[in-house]
$ cat my_file27.csv   # CSV, N, CA, C and O atoms
chain,number,residue,atom,x,y,z
A,183,MET,N,0.8,-1.1,0.0
A,183,MET,CA,0.0,0.0,0.0
A,183,MET,C,0.9,1.2,0.0
A,183,MET,O,1.9,1.3,0.6
A,184,LYS,N,0.5,2.3,-0.7
A,184,LYS,CA,1.2,3.5,-0.8
A,184,LYS,C,0.3,4.7,-0.6
A,184,LYS,O,-0.8,4.7,-1.2
A,185,ILE,N,0.6,5.6,0.3
A,185,ILE,CA,-0.1,6.8,0.5
A,185,ILE,C,0.4,7.9,-0.4
A,185,ILE,O,1.6,8.2,-0.4
A,186,VAL,N,-0.4,8.5,-1.2
A,186,VAL,CA,0.0,9.5,-2.2
A,186,VAL,C,-0.6,10.8,-1.8
A,186,VAL,O,-1.9,11.0,-1.8
A,187,PRO,N,0.2,11.8,-1.4
A,187,PRO,CA,-0.4,13.1,-1.0
A,187,PRO,C,-0.9,13.9,-2.2
A,187,PRO,O,-0.3,13.8,-3.3
A,188,ALA,N,-1.9,14.6,-2.0
A,188,ALA,CA,-2.5,15.5,-3.0
A,188,ALA,C,-2.0,16.9,-2.8
A,188,ALA,O,-1.9,17.4,-1.7
A,189,VAL,N,-1.6,17.5,-3.9
A,189,VAL,CA,-1.2,18.9,-3.9
A,189,VAL,C,-2.4,19.7,-4.5
A,189,VAL,O,-2.7,19.5,-5.6
A,190,LEU,N,-2.9,20.7,-3.7
A,190,LEU,CA,-4.0,21.5,-4.2
A,190,LEU,C,-3.7,22.9,-3.8
A,190,LEU,O,-3.4,23.2,-2.6
A,191,ALA,N,-3.6,23.8,-4.8
A,191,ALA,CA,-3.2,25.2,-4.5
A,191,ALA,C,-4.1,26.1,-5.5
A,191,ALA,O,-4.3,25.8,-6.6
A,192,GLU,N,-4.4,27.3,-4.9
A,192,GLU,CA,-5.2,28.2,-5.8
A,192,GLU,C,-4.2,29.1,-6.6
A,192,GLU,O,-4.6,29.5,-7.7
A,193,ARG,N,-3.0,29.3,-6.1
A,193,ARG,CA,-2.1,30.2,-6.8
A,193,ARG,C,-0.8,29.4,-7.2
A,193,ARG,O,-0.4,28.5,-6.5
A,194,GLU,N,-0.2,29.9,-8.3
A,194,GLU,CA,0.9,29.2,-8.8
A,194,GLU,C,2.1,29.1,-7.9
A,194,GLU,O,2.7,28.1,-7.7
A,195,ASN,N,2.4,30.2,-7.2
A,195,ASN,CA,3.5,30.3,-6.2
A,195,ASN,C,3.3,29.3,-5.1
A,195,ASN,O,4.2,28.6,-4.6
A,196,ASP,N,2.0,29.2,-4.6
A,196,ASP,CA,1.7,28.2,-3.6
A,196,ASP,C,1.9,26.8,-4.1
A,196,ASP,O,2.4,25.9,-3.4
A,197,PHE,N,1.6,26.5,-5.3
A,197,PHE,CA,1.7,25.2,-5.9
A,197,PHE,C,3.2,24.8,-5.9
A,197,PHE,O,3.5,23.7,-5.5
A,198,PHE,N,4.1,25.7,-6.4
A,198,PHE,CA,5.5,25.3,-6.4
A,198,PHE,C,6.1,25.1,-5.0
A,198,PHE,O,6.9,24.2,-4.8
A,199,PHE,N,5.6,25.9,-4.1
A,199,PHE,CA,6.1,25.8,-2.7
A,199,PHE,C,5.6,24.4,-2.1
A,199,PHE,O,6.4,23.7,-1.5
A,200,LEU,N,4.4,24.0,-2.4
A,200,LEU,CA,3.9,22.7,-1.9
A,200,LEU,C,4.6,21.5,-2.5
A,200,LEU,O,4.9,20.6,-1.8
A,201,ILE,N,4.9,21.7,-3.8
A,201,ILE,CA,5.7,20.6,-4.5
A,201,ILE,C,7.1,20.4,-3.8
A,201,ILE,O,7.5,19.3,-3.5
A,202,LYS,N,7.7,21.6,-3.6
A,202,LYS,CA,9.1,21.5,-2.9
A,202,LYS,C,9.0,20.9,-1.5
A,202,LYS,O,9.8,20.1,-1.1
A,203,GLN,N,7.9,21.2,-0.8
A,203,GLN,CA,7.8,20.6,0.5
A,203,GLN,C,7.5,19.1,0.4
A,203,GLN,O,8.1,18.3,1.2
A,204,ALA,N,6.7,18.7,-0.6
A,204,ALA,CA,6.4,17.3,-0.7
A,204,ALA,C,7.7,16.5,-1.1
A,204,ALA,O,7.8,15.3,-0.7
A,205,GLU,N,8.6,17.1,-1.8
A,205,GLU,CA,9.8,16.4,-2.3
A,205,GLU,C,10.6,15.9,-1.1
A,205,GLU,O,11.3,14.9,-1.2
A,206,ALA,N,10.5,16.5,0.1
A,206,ALA,CA,11.2,16.1,1.3
A,206,ALA,C,10.7,14.8,1.9
A,206,ALA,O,11.5,14.1,2.6
A,207,PHE,N,9.5,14.4,1.6
A,207,PHE,CA,9.0,13.1,2.2
A,207,PHE,C,8.3,12.1,1.3
A,207,PHE,O,7.9,11.1,1.8
A,208,THR,N,8.2,12.4,0.0
A,208,THR,CA,7.6,11.5,-0.9
A,208,THR,C,8.2,11.6,-2.3
A,208,THR,O,8.8,12.6,-2.6
A,209,ASP,N,8.0,10.5,-3.1
A,209,ASP,CA,8.5,10.5,-4.4
A,209,ASP,C,7.4,10.5,-5.4
A,209,ASP,O,7.6,10.4,-6.6
A,210,TYR,N,6.2,10.7,-4.9
A,210,TYR,CA,5.0,10.7,-5.8
A,210,TYR,C,3.9,11.5,-5.2
A,210,TYR,O,3.6,11.4,-4.0
A,211,VAL,N,3.3,12.4,-6.0
A,211,VAL,CA,2.2,13.2,-5.6
A,211,VAL,C,1.1,13.2,-6.6
A,211,VAL,O,1.3,12.9,-7.8
A,212,GLN,N,-0.1,13.6,-6.1
A,212,GLN,CA,-1.3,13.8,-7.0
A,212,GLN,C,-1.5,15.3,-7.1
A,212,GLN,O,-1.5,15.9,-6.1
A,213,ILE,N,-1.7,15.8,-8.3
A,213,ILE,CA,-1.9,17.2,-8.5
A,213,ILE,C,-3.4,17.4,-8.9
A,213,ILE,O,-3.8,16.8,-9.9
A,214,ASP,N,-4.1,18.1,-8.2
A,214,ASP,CA,-5.5,18.4,-8.6
A,214,ASP,C,-5.6,19.7,-9.3
A,214,ASP,O,-5.1,20.7,-8.9
A,215,ILE,N,-6.3,19.7,-10.4
A,215,ILE,CA,-6.6,20.9,-11.2
A,215,ILE,C,-8.1,21.0,-11.4
A,215,ILE,O,-8.7,20.1,-11.9
A,216,MET,N,-8.6,22.2,-11.0
A,216,MET,CA,-10.0,22.4,-11.1
A,216,MET,C,-10.3,23.7,-11.9
A,216,MET,O,-9.6,24.6,-11.8
A,217,ASP,N,-11.4,23.7,-12.6
A,217,ASP,CA,-11.8,24.8,-13.5
A,217,ASP,C,-12.8,25.8,-12.9
A,217,ASP,O,-13.1,26.8,-13.5
A,218,GLY,N,-13.4,25.5,-11.8
A,218,GLY,CA,-14.4,26.3,-11.2
A,218,GLY,C,-15.8,26.1,-11.7
A,218,GLY,O,-16.8,26.7,-11.3
A,219,PHE,N,-15.9,25.2,-12.7
A,219,PHE,CA,-17.3,24.8,-13.3
A,219,PHE,C,-17.7,23.4,-12.8
A,219,PHE,O,-18.8,23.3,-12.3
A,220,PHE,N,-16.8,22.5,-13.0
A,220,PHE,CA,-17.2,21.1,-12.6
A,220,PHE,C,-17.2,21.0,-11.1
A,220,PHE,O,-18.1,20.3,-10.6
A,221,VAL,N,-16.4,21.6,-10.4
A,221,VAL,CA,-16.4,21.8,-9.0
A,221,VAL,C,-16.3,23.3,-8.7
A,221,VAL,O,-15.8,24.0,-9.5
A,222,PRO,N,-16.8,23.7,-7.5
A,222,PRO,CA,-16.9,25.1,-7.3
A,222,PRO,C,-15.5,25.8,-7.1
A,222,PRO,O,-15.4,27.0,-7.2
A,223,SER,N,-14.5,25.1,-6.7
A,223,SER,CA,-13.2,25.7,-6.5
A,223,SER,C,-12.4,25.8,-7.8
A,223,SER,O,-12.6,25.2,-8.8
A,224,ARG,N,-11.4,26.7,-7.7
A,224,ARG,CA,-10.4,26.9,-8.9
A,224,ARG,C,-9.0,26.6,-8.3
A,224,ARG,O,-8.8,26.8,-7.2
A,225,SER,N,-8.2,26.2,-9.2
A,225,SER,CA,-6.8,26.0,-8.9
A,225,SER,C,-5.9,26.8,-9.8
A,225,SER,O,-6.3,27.6,-10.6
A,226,PHE,N,-4.6,26.6,-9.6
A,226,PHE,CA,-3.6,27.4,-10.4
A,226,PHE,C,-3.7,27.1,-11.9
A,226,PHE,O,-4.3,26.1,-12.3
A,227,PRO,N,-3.2,28.0,-12.7
A,227,PRO,CA,-3.3,27.7,-14.2
A,227,PRO,C,-2.6,26.4,-14.6
A,227,PRO,O,-1.5,26.2,-14.1
A,228,VAL,N,-3.1,25.7,-15.5
A,228,VAL,CA,-2.5,24.5,-16.0
A,228,VAL,C,-1.1,24.7,-16.6
A,228,VAL,O,-0.2,23.9,-16.6
A,229,SER,N,-1.0,25.9,-17.2
A,229,SER,CA,0.3,26.3,-17.8
A,229,SER,C,1.5,26.2,-16.9
A,229,SER,O,2.6,26.1,-17.3
A,230,ALA,N,1.2,26.3,-15.6
A,230,ALA,CA,2.3,26.3,-14.5
A,230,ALA,C,3.0,24.9,-14.6
A,230,ALA,O,4.1,24.8,-14.2
A,231,LEU,N,2.3,23.9,-15.0
A,231,LEU,CA,2.9,22.6,-15.1
A,231,LEU,C,4.1,22.5,-16.0
A,231,LEU,O,5.1,21.8,-15.8
A,232,ASN,N,4.1,23.4,-17.0
A,232,ASN,CA,5.2,23.5,-18.0
A,232,ASN,C,6.5,24.0,-17.3
A,232,ASN,O,7.6,23.8,-17.7
A,233,ARG,N,6.3,24.8,-16.2
A,233,ARG,CA,7.5,25.3,-15.5
A,233,ARG,C,7.8,24.5,-14.2
A,233,ARG,O,8.7,24.9,-13.5
A,234,LEU,N,7.2,23.4,-14.1
A,234,LEU,CA,7.5,22.5,-12.9
A,234,LEU,C,8.8,21.7,-13.1
A,234,LEU,O,8.9,21.0,-14.1
A,235,SER,N,9.7,21.9,-12.2
A,235,SER,CA,11.0,21.2,-12.2
A,235,SER,C,11.1,20.4,-10.9
A,235,SER,O,11.3,21.0,-9.9
A,236,THR,N,10.9,19.1,-11.0
A,236,THR,CA,10.9,18.3,-9.8
A,236,THR,C,11.3,16.9,-10.2
A,236,THR,O,11.1,16.4,-11.3
A,237,ASN,N,11.9,16.2,-9.3
A,237,ASN,CA,12.2,14.7,-9.5
A,237,ASN,C,11.1,13.9,-9.0
A,237,ASN,O,11.1,12.7,-9.1
A,238,THR,N,10.1,14.5,-8.4
A,238,THR,CA,8.9,13.8,-7.9
A,238,THR,C,8.0,13.4,-9.0
A,238,THR,O,7.7,14.2,-9.9
A,239,ASP,N,7.6,12.1,-9.1
A,239,ASP,CA,6.6,11.7,-10.0
A,239,ASP,C,5.3,12.2,-9.6
A,239,ASP,O,5.0,12.4,-8.4
A,240,PHE,N,4.4,12.4,-10.6
A,240,PHE,CA,3.0,12.8,-10.2
A,240,PHE,C,2.0,12.3,-11.2
A,240,PHE,O,2.3,11.9,-12.3
A,241,GLU,N,0.8,12.3,-10.7
A,241,GLU,CA,-0.4,12.1,-11.5
A,241,GLU,C,-1.3,13.3,-11.4
A,241,GLU,O,-1.2,14.0,-10.4
A,242,ILE,N,-2.0,13.6,-12.5
A,242,ILE,CA,-2.8,14.8,-12.5
A,242,ILE,C,-4.3,14.4,-12.5
A,242,ILE,O,-4.7,13.5,-13.3
A,243,ARG,N,-5.0,14.9,-11.6
A,243,ARG,CA,-6.4,14.7,-11.5
A,243,ARG,C,-7.2,15.9,-12.0
A,243,ARG,O,-7.1,17.0,-11.4
A,244,LEU,N,-7.9,15.8,-13.1
A,244,LEU,CA,-8.6,16.9,-13.7
A,244,LEU,C,-10.0,16.9,-13.3
A,244,LEU,O,-10.7,15.9,-13.5
A,245,LYS,N,-10.4,18.0,-12.6
A,245,LYS,CA,-11.8,18.2,-12.2
A,245,LYS,C,-12.3,19.4,-13.1
A,245,LYS,O,-12.4,20.5,-12.6
A,246,VAL,N,-12.5,19.1,-14.3
A,246,VAL,CA,-12.8,20.1,-15.3
A,246,VAL,C,-14.0,19.7,-16.1
A,246,VAL,O,-14.3,18.6,-16.3
A,247,ARG,N,-14.6,20.7,-16.7
A,247,ARG,CA,-15.7,20.5,-17.6
A,247,ARG,C,-15.3,20.6,-19.0
A,247,ARG,O,-14.4,21.2,-19.4
$ encode --input "my_file27.csv" --output "C-alpha coordinates"
Amino acid sequence: MKIVPAVLAERENDFFFLIKQAEAFTDYVQIDIMDGFFVPSRSFPVSALNRLSTNTDFEIRLKVR
(Lines of atoms letter the chains of each structure in order from A and count residues from 1; the text may use other names and numbers.)
(Lines give C-alpha, C1' and ligand atoms only; values in the text may rest on other atoms or scores of the structure.)
Protein backbone atom coordinates (compact mmCIF):
# COMPACT_ATOMS: atom_id res chain seq x y z
CA MET A 1 0.00 0.00 0.00
CA LYS A 2 1.21 3.50 -0.81
CA ILE A 3 -0.15 6.78 0.47
CA VAL A 4 -0.02 9.49 -2.19
CA PRO A 5 -0.37 13.08 -0.96
CA ALA A 6 -2.47 15.46 -3.04
CA VAL A 7 -1.24 18.93 -3.87
CA LEU A 8 -4.00 21.51 -4.16
CA ALA A 9 -3.24 25.20 -4.55
CA GLU A 10 -5.15 28.23 -5.76
CA ARG A 11 -2.07 30.19 -6.78
CA GLU A 12 0.94 29.19 -8.84
CA ASN A 13 3.49 30.27 -6.21
CA ASP A 14 1.70 28.19 -3.58
CA PHE A 15 1.73 25.20 -5.93
CA PHE A 16 5.50 25.33 -6.43
CA PHE A 17 6.05 25.78 -2.68
CA LEU A 18 3.90 22.73 -1.87
CA ILE A 19 5.67 20.58 -4.46
CA LYS A 20 9.06 21.51 -2.94
CA GLN A 21 7.75 20.62 0.52
CA ALA A 22 6.43 17.27 -0.73
CA GLU A 23 9.81 16.39 -2.26
CA ALA A 24 11.21 16.11 1.28
CA PHE A 25 9.01 13.14 2.22
CA THR A 26 7.59 11.48 -0.90
CA ASP A 27 8.54 10.54 -4.43
CA TYR A 28 4.99 10.66 -5.82
CA VAL A 29 2.18 13.23 -5.55
CA GLN A 30 -1.27 13.76 -6.99
CA ILE A 31 -1.92 17.19 -8.47
CA ASP A 32 -5.53 18.40 -8.55
CA ILE A 33 -6.57 20.88 -11.24
CA MET A 34 -10.04 22.42 -11.07
CA ASP A 35 -11.76 24.80 -13.47
CA GLY A 36 -14.41 26.34 -11.20
CA PHE A 37 -17.25 24.83 -13.27
CA PHE A 38 -17.17 21.08 -12.64
CA VAL A 39 -16.38 21.77 -8.98
CA PRO A 40 -16.87 25.14 -7.26
CA SER A 41 -13.18 25.74 -6.50
CA ARG A 42 -10.44 26.86 -8.86
CA SER A 43 -6.77 25.99 -8.87
CA PHE A 44 -3.59 27.39 -10.37
CA PRO A 45 -3.31 27.72 -14.18
CA VAL A 46 -2.50 24.45 -15.98
CA SER A 47 0.30 26.27 -17.84
CA ALA A 48 2.27 26.26 -14.54
CA LEU A 49 2.92 22.55 -15.09
CA ASN A 50 5.24 23.50 -17.97
CA ARG A 51 7.46 25.32 -15.45
CA LEU A 52 7.46 22.50 -12.91
CA SER A 53 10.96 21.22 -12.22
CA THR A 54 10.93 18.27 -9.83
CA ASN A 55 12.22 14.75 -9.46
CA THR A 56 8.92 13.77 -7.86
CA ASP A 57 6.63 11.68 -10.05
CA PHE A 58 3.04 12.84 -10.21
CA GLU A 59 -0.39 12.06 -11.51
CA ILE A 60 -2.80 14.79 -12.51
CA ARG A 61 -6.43 14.67 -11.50
CA LEU A 62 -8.56 16.88 -13.71
CA LYS A 63 -11.78 18.19 -12.23
CA VAL A 64 -12.83 20.14 -15.28
CA ARG A 65 -15.74 20.45 -17.60
$ closest_residue --input "my_file27.csv" --among "A:Arg247, A:Glu192, A:Ile185, A:Thr238" --to "Asp214 of chain A" --atoms "all atoms listed in the file"
A:Glu192
$ atom_distance --input "my_file27.csv" --atom1 "atom C of Ser229 of chain A" --atom2 "atom N of Thr208 of chain A"
22.8 Å
$ closest_residue --input "my_file27.csv" --among "A:Val189, A:Val211, A:Met183, A:Glu194" --to "Pro227 of chain A" --atoms "only C-alpha atoms"
A:Glu194
$ closest_residue --input "my_file27.csv" --among "A:Met216, A:Ala191, A:Val186, A:Leu200" --to "Asp239 of chain A" --atoms "only C-alpha atoms"
A:Val186
$ atom_distance --input "my_file27.csv" --atom1 "atom N of Asn195 of chain A" --atom2 "atom C of Val246 of chain A"
21.4 Å
$ select_by_dssp --input "my_file27.csv" --residues "chain A" --states "strand (DSSP E)" --output "JSON, numbers by chain"
{"A": [188, 189, 210, 211, 212, 213, 214, 215, 216, 239, 240, 241, 242, 243, 244, 245]}
$ select_by_dssp --input "my_file27.csv" --residues "chain A" --states "helix (DSSP H, G or I)" --output "short mmCIF file (atom, residue, chain, number, x, y, z; two decimals) with N, CA, C and O atoms, keeping the file's coordinate frame"
data_model
loop_
_atom_site.label_atom_id
_atom_site.label_comp_id
_atom_site.auth_asym_id
_atom_site.auth_seq_id
_atom_site.Cartn_x
_atom_site.Cartn_y
_atom_site.Cartn_z
N GLU A 194 -0.20 29.90 -8.30
CA GLU A 194 0.90 29.20 -8.80
C GLU A 194 2.10 29.10 -7.90
O GLU A 194 2.70 28.10 -7.70
N ASN A 195 2.40 30.20 -7.20
CA ASN A 195 3.50 30.30 -6.20
C ASN A 195 3.30 29.30 -5.10
O ASN A 195 4.20 28.60 -4.60
N ASP A 196 2.00 29.20 -4.60
CA ASP A 196 1.70 28.20 -3.60
C ASP A 196 1.90 26.80 -4.10
O ASP A 196 2.40 25.90 -3.40
N PHE A 197 1.60 26.50 -5.30
CA PHE A 197 1.70 25.20 -5.90
C PHE A 197 3.20 24.80 -5.90
O PHE A 197 3.50 23.70 -5.50
N PHE A 198 4.10 25.70 -6.40
CA PHE A 198 5.50 25.30 -6.40
C PHE A 198 6.10 25.10 -5.00
O PHE A 198 6.90 24.20 -4.80
N PHE A 199 5.60 25.90 -4.10
CA PHE A 199 6.10 25.80 -2.70
C PHE A 199 5.60 24.40 -2.10
O PHE A 199 6.40 23.70 -1.50
N LEU A 200 4.40 24.00 -2.40
CA LEU A 200 3.90 22.70 -1.90
C LEU A 200 4.60 21.50 -2.50
O LEU A 200 4.90 20.60 -1.80
N ILE A 201 4.90 21.70 -3.80
CA ILE A 201 5.70 20.60 -4.50
C ILE A 201 7.10 20.40 -3.80
O ILE A 201 7.50 19.30 -3.50
N LYS A 202 7.70 21.60 -3.60
CA LYS A 202 9.10 21.50 -2.90
C LYS A 202 9.00 20.90 -1.50
O LYS A 202 9.80 20.10 -1.10
N GLN A 203 7.90 21.20 -0.80
CA GLN A 203 7.80 20.60 0.50
C GLN A 203 7.50 19.10 0.40
O GLN A 203 8.10 18.30 1.20
N ALA A 204 6.70 18.70 -0.60
CA ALA A 204 6.40 17.30 -0.70
C ALA A 204 7.70 16.50 -1.10
O ALA A 204 7.80 15.30 -0.70
N GLU A 205 8.60 17.10 -1.80
CA GLU A 205 9.80 16.40 -2.30
C GLU A 205 10.60 15.90 -1.10
O GLU A 205 11.30 14.90 -1.20
N VAL A 228 -3.10 25.70 -15.50
CA VAL A 228 -2.50 24.50 -16.00
C VAL A 228 -1.10 24.70 -16.60
O VAL A 228 -0.20 23.90 -16.60
N SER A 229 -1.00 25.90 -17.20
CA SER A 229 0.30 26.30 -17.80
C SER A 229 1.50 26.20 -16.90
O SER A 229 2.60 26.10 -17.30
N ALA A 230 1.20 26.30 -15.60
CA ALA A 230 2.30 26.30 -14.50
C ALA A 230 3.00 24.90 -14.60
O ALA A 230 4.10 24.80 -14.20
N LEU A 231 2.30 23.90 -15.00
CA LEU A 231 2.90 22.60 -15.10
C LEU A 231 4.10 22.50 -16.00
O LEU A 231 5.10 21.80 -15.80
N ASN A 232 4.10 23.40 -17.00
CA ASN A 232 5.20 23.50 -18.00
C ASN A 232 6.50 24.00 -17.30
O ASN A 232 7.60 23.80 -17.70
N ARG A 233 6.30 24.80 -16.20
CA ARG A 233 7.50 25.30 -15.50
C ARG A 233 7.80 24.50 -14.20
O ARG A 233 8.70 24.90 -13.50
#
$ atom_distance --input "my_file27.csv" --atom1 "atom C of Asn232 of chain A" --atom2 "atom O of Asp217 of chain A"
20.2 Å
$ residues_around --input "my_file27.csv" --residues "Ile213 of chain A" --least-positions-apart "3" --cutoff "10 Å" --atoms "only C-alpha atoms" --output "MDAnalysis selection string"
chainID A and resid 187:191 197 201 210 216 231 240:244
$ decode --input "my_file27.csv" --residues "segment 188-218 of chain A" --atoms "N, CA, C and O atoms" --output "PDB file, in the first residue's frame"
ATOM      1  N   ALA A 188      -1.924  14.609  -1.975  1.00  0.00           N
ATOM      2  CA  ALA A 188      -2.471  15.457  -3.037  1.00  0.00           C
ATOM      3  C   ALA A 188      -2.000  16.884  -2.826  1.00  0.00           C
ATOM      4  O   ALA A 188      -1.949  17.378  -1.697  1.00  0.00           O
ATOM      5  N   VAL A 189      -1.643  17.534  -3.917  1.00  0.00           N
ATOM      6  CA  VAL A 189      -1.238  18.934  -3.874  1.00  0.00           C
ATOM      7  C   VAL A 189      -2.361  19.744  -4.494  1.00  0.00           C
ATOM      8  O   VAL A 189      -2.735  19.534  -5.645  1.00  0.00           O
ATOM      9  N   LEU A 190      -2.891  20.664  -3.720  1.00  0.00           N
ATOM     10  CA  LEU A 190      -3.996  21.505  -4.160  1.00  0.00           C
ATOM     11  C   LEU A 190      -3.650  22.938  -3.802  1.00  0.00           C
ATOM     12  O   LEU A 190      -3.410  23.246  -2.631  1.00  0.00           O
ATOM     13  N   ALA A 191      -3.596  23.805  -4.786  1.00  0.00           N
ATOM     14  CA  ALA A 191      -3.240  25.201  -4.546  1.00  0.00           C
ATOM     15  C   ALA A 191      -4.054  26.104  -5.465  1.00  0.00           C
ATOM     16  O   ALA A 191      -4.333  25.753  -6.603  1.00  0.00           O
ATOM     17  N   GLU A 192      -4.417  27.265  -4.946  1.00  0.00           N
ATOM     18  CA  GLU A 192      -5.154  28.230  -5.759  1.00  0.00           C
ATOM     19  C   GLU A 192      -4.222  29.083  -6.602  1.00  0.00           C
ATOM     20  O   GLU A 192      -4.593  29.547  -7.668  1.00  0.00           O
ATOM     21  N   ARG A 193      -3.001  29.320  -6.092  1.00  0.00           N
ATOM     22  CA  ARG A 193      -2.068  30.191  -6.783  1.00  0.00           C
ATOM     23  C   ARG A 193      -0.814  29.424  -7.191  1.00  0.00           C
ATOM     24  O   ARG A 193      -0.383  28.503  -6.507  1.00  0.00           O
ATOM     25  N   GLU A 194      -0.231  29.852  -8.275  1.00  0.00           N
ATOM     26  CA  GLU A 194       0.937  29.186  -8.838  1.00  0.00           C
ATOM     27  C   GLU A 194       2.100  29.139  -7.851  1.00  0.00           C
ATOM     28  O   GLU A 194       2.743  28.102  -7.692  1.00  0.00           O
ATOM     29  N   ASN A 195       2.383  30.243  -7.176  1.00  0.00           N
ATOM     30  CA  ASN A 195       3.489  30.266  -6.206  1.00  0.00           C
ATOM     31  C   ASN A 195       3.258  29.270  -5.080  1.00  0.00           C
ATOM     32  O   ASN A 195       4.197  28.593  -4.628  1.00  0.00           O
ATOM     33  N   ASP A 196       2.026  29.157  -4.623  1.00  0.00           N
ATOM     34  CA  ASP A 196       1.697  28.189  -3.577  1.00  0.00           C
ATOM     35  C   ASP A 196       1.904  26.759  -4.082  1.00  0.00           C
ATOM     36  O   ASP A 196       2.403  25.903  -3.354  1.00  0.00           O
ATOM     37  N   PHE A 197       1.557  26.528  -5.333  1.00  0.00           N
ATOM     38  CA  PHE A 197       1.727  25.204  -5.927  1.00  0.00           C
ATOM     39  C   PHE A 197       3.196  24.787  -5.917  1.00  0.00           C
ATOM     40  O   PHE A 197       3.540  23.705  -5.460  1.00  0.00           O
ATOM     41  N   PHE A 198       4.080  25.660  -6.399  1.00  0.00           N
ATOM     42  CA  PHE A 198       5.502  25.329  -6.433  1.00  0.00           C
ATOM     43  C   PHE A 198       6.059  25.129  -5.020  1.00  0.00           C
ATOM     44  O   PHE A 198       6.874  24.241  -4.790  1.00  0.00           O
ATOM     45  N   PHE A 199       5.613  25.926  -4.072  1.00  0.00           N
ATOM     46  CA  PHE A 199       6.052  25.779  -2.684  1.00  0.00           C
ATOM     47  C   PHE A 199       5.631  24.411  -2.127  1.00  0.00           C
ATOM     48  O   PHE A 199       6.435  23.716  -1.497  1.00  0.00           O
ATOM     49  N   LEU A 200       4.391  24.011  -2.376  1.00  0.00           N
ATOM     50  CA  LEU A 200       3.899  22.733  -1.872  1.00  0.00           C
ATOM     51  C   LEU A 200       4.613  21.548  -2.513  1.00  0.00           C
ATOM     52  O   LEU A 200       4.892  20.554  -1.845  1.00  0.00           O
ATOM     53  N   ILE A 201       4.924  21.655  -3.795  1.00  0.00           N
ATOM     54  CA  ILE A 201       5.673  20.580  -4.458  1.00  0.00           C
ATOM     55  C   ILE A 201       7.054  20.446  -3.820  1.00  0.00           C
ATOM     56  O   ILE A 201       7.519  19.334  -3.546  1.00  0.00           O
ATOM     57  N   LYS A 202       7.728  21.562  -3.572  1.00  0.00           N
ATOM     58  CA  LYS A 202       9.056  21.510  -2.938  1.00  0.00           C
ATOM     59  C   LYS A 202       8.965  20.899  -1.545  1.00  0.00           C
ATOM     60  O   LYS A 202       9.830  20.128  -1.138  1.00  0.00           O
ATOM     61  N   GLN A 203       7.934  21.223  -0.796  1.00  0.00           N
ATOM     62  CA  GLN A 203       7.753  20.618   0.523  1.00  0.00           C
ATOM     63  C   GLN A 203       7.539  19.111   0.403  1.00  0.00           C
ATOM     64  O   GLN A 203       8.095  18.338   1.174  1.00  0.00           O
ATOM     65  N   ALA A 204       6.737  18.693  -0.561  1.00  0.00           N
ATOM     66  CA  ALA A 204       6.431  17.272  -0.731  1.00  0.00           C
ATOM     67  C   ALA A 204       7.669  16.474  -1.113  1.00  0.00           C
ATOM     68  O   ALA A 204       7.810  15.314  -0.729  1.00  0.00           O
ATOM     69  N   GLU A 205       8.592  17.083  -1.841  1.00  0.00           N
ATOM     70  CA  GLU A 205       9.812  16.395  -2.259  1.00  0.00           C
ATOM     71  C   GLU A 205      10.609  15.868  -1.063  1.00  0.00           C
ATOM     72  O   GLU A 205      11.327  14.882  -1.194  1.00  0.00           O
ATOM     73  N   ALA A 206      10.451  16.497   0.086  1.00  0.00           N
ATOM     74  CA  ALA A 206      11.213  16.108   1.277  1.00  0.00           C
ATOM     75  C   ALA A 206      10.748  14.769   1.857  1.00  0.00           C
ATOM     76  O   ALA A 206      11.514  14.119   2.557  1.00  0.00           O
ATOM     77  N   PHE A 207       9.499  14.360   1.567  1.00  0.00           N
ATOM     78  CA  PHE A 207       9.006  13.143   2.225  1.00  0.00           C
ATOM     79  C   PHE A 207       8.324  12.142   1.304  1.00  0.00           C
ATOM     80  O   PHE A 207       7.897  11.086   1.755  1.00  0.00           O
ATOM     81  N   THR A 208       8.229  12.439   0.012  1.00  0.00           N
ATOM     82  CA  THR A 208       7.588  11.483  -0.899  1.00  0.00           C
ATOM     83  C   THR A 208       8.211  11.574  -2.284  1.00  0.00           C
ATOM     84  O   THR A 208       8.830  12.580  -2.619  1.00  0.00           O
ATOM     85  N   ASP A 209       8.038  10.530  -3.052  1.00  0.00           N
ATOM     86  CA  ASP A 209       8.543  10.537  -4.425  1.00  0.00           C
ATOM     87  C   ASP A 209       7.401  10.530  -5.439  1.00  0.00           C
ATOM     88  O   ASP A 209       7.625  10.382  -6.634  1.00  0.00           O
ATOM     89  N   TYR A 210       6.158  10.721  -4.944  1.00  0.00           N
ATOM     90  CA  TYR A 210       4.991  10.664  -5.815  1.00  0.00           C
ATOM     91  C   TYR A 210       3.882  11.519  -5.225  1.00  0.00           C
ATOM     92  O   TYR A 210       3.568  11.391  -4.036  1.00  0.00           O
ATOM     93  N   VAL A 211       3.289  12.397  -6.024  1.00  0.00           N
ATOM     94  CA  VAL A 211       2.177  13.227  -5.554  1.00  0.00           C
ATOM     95  C   VAL A 211       1.057  13.227  -6.592  1.00  0.00           C
ATOM     96  O   VAL A 211       1.269  12.937  -7.772  1.00  0.00           O
ATOM     97  N   GLN A 212      -0.118  13.559  -6.124  1.00  0.00           N
ATOM     98  CA  GLN A 212      -1.271  13.764  -6.989  1.00  0.00           C
ATOM     99  C   GLN A 212      -1.512  15.256  -7.075  1.00  0.00           C
ATOM    100  O   GLN A 212      -1.533  15.947  -6.053  1.00  0.00           O
ATOM    101  N   ILE A 213      -1.675  15.771  -8.273  1.00  0.00           N
ATOM    102  CA  ILE A 213      -1.922  17.195  -8.473  1.00  0.00           C
ATOM    103  C   ILE A 213      -3.361  17.359  -8.939  1.00  0.00           C
ATOM    104  O   ILE A 213      -3.765  16.775  -9.948  1.00  0.00           O
ATOM    105  N   ASP A 214      -4.135  18.140  -8.196  1.00  0.00           N
ATOM    106  CA  ASP A 214      -5.532  18.398  -8.551  1.00  0.00           C
ATOM    107  C   ASP A 214      -5.635  19.718  -9.307  1.00  0.00           C
ATOM    108  O   ASP A 214      -5.107  20.738  -8.860  1.00  0.00           O
ATOM    109  N   ILE A 215      -6.326  19.679 -10.445  1.00  0.00           N
ATOM    110  CA  ILE A 215      -6.574  20.881 -11.236  1.00  0.00           C
ATOM    111  C   ILE A 215      -8.077  21.012 -11.405  1.00  0.00           C
ATOM    112  O   ILE A 215      -8.745  20.079 -11.856  1.00  0.00           O
ATOM    113  N   MET A 216      -8.601  22.189 -11.043  1.00  0.00           N
ATOM    114  CA  MET A 216     -10.043  22.420 -11.074  1.00  0.00           C
ATOM    115  C   MET A 216     -10.336  23.684 -11.868  1.00  0.00           C
ATOM    116  O   MET A 216      -9.577  24.646 -11.819  1.00  0.00           O
ATOM    117  N   ASP A 217     -11.446  23.680 -12.601  1.00  0.00           N
ATOM    118  CA  ASP A 217     -11.762  24.802 -13.469  1.00  0.00           C
ATOM    119  C   ASP A 217     -12.808  25.766 -12.911  1.00  0.00           C
ATOM    120  O   ASP A 217     -13.100  26.781 -13.511  1.00  0.00           O
ATOM    121  N   GLY A 218     -13.394  25.458 -11.763  1.00  0.00           N
ATOM    122  CA  GLY A 218     -14.409  26.340 -11.195  1.00  0.00           C
ATOM    123  C   GLY A 218     -15.804  26.080 -11.742  1.00  0.00           C
ATOM    124  O   GLY A 218     -16.760  26.707 -11.311  1.00  0.00           O
TER     125      GLY A 218
END
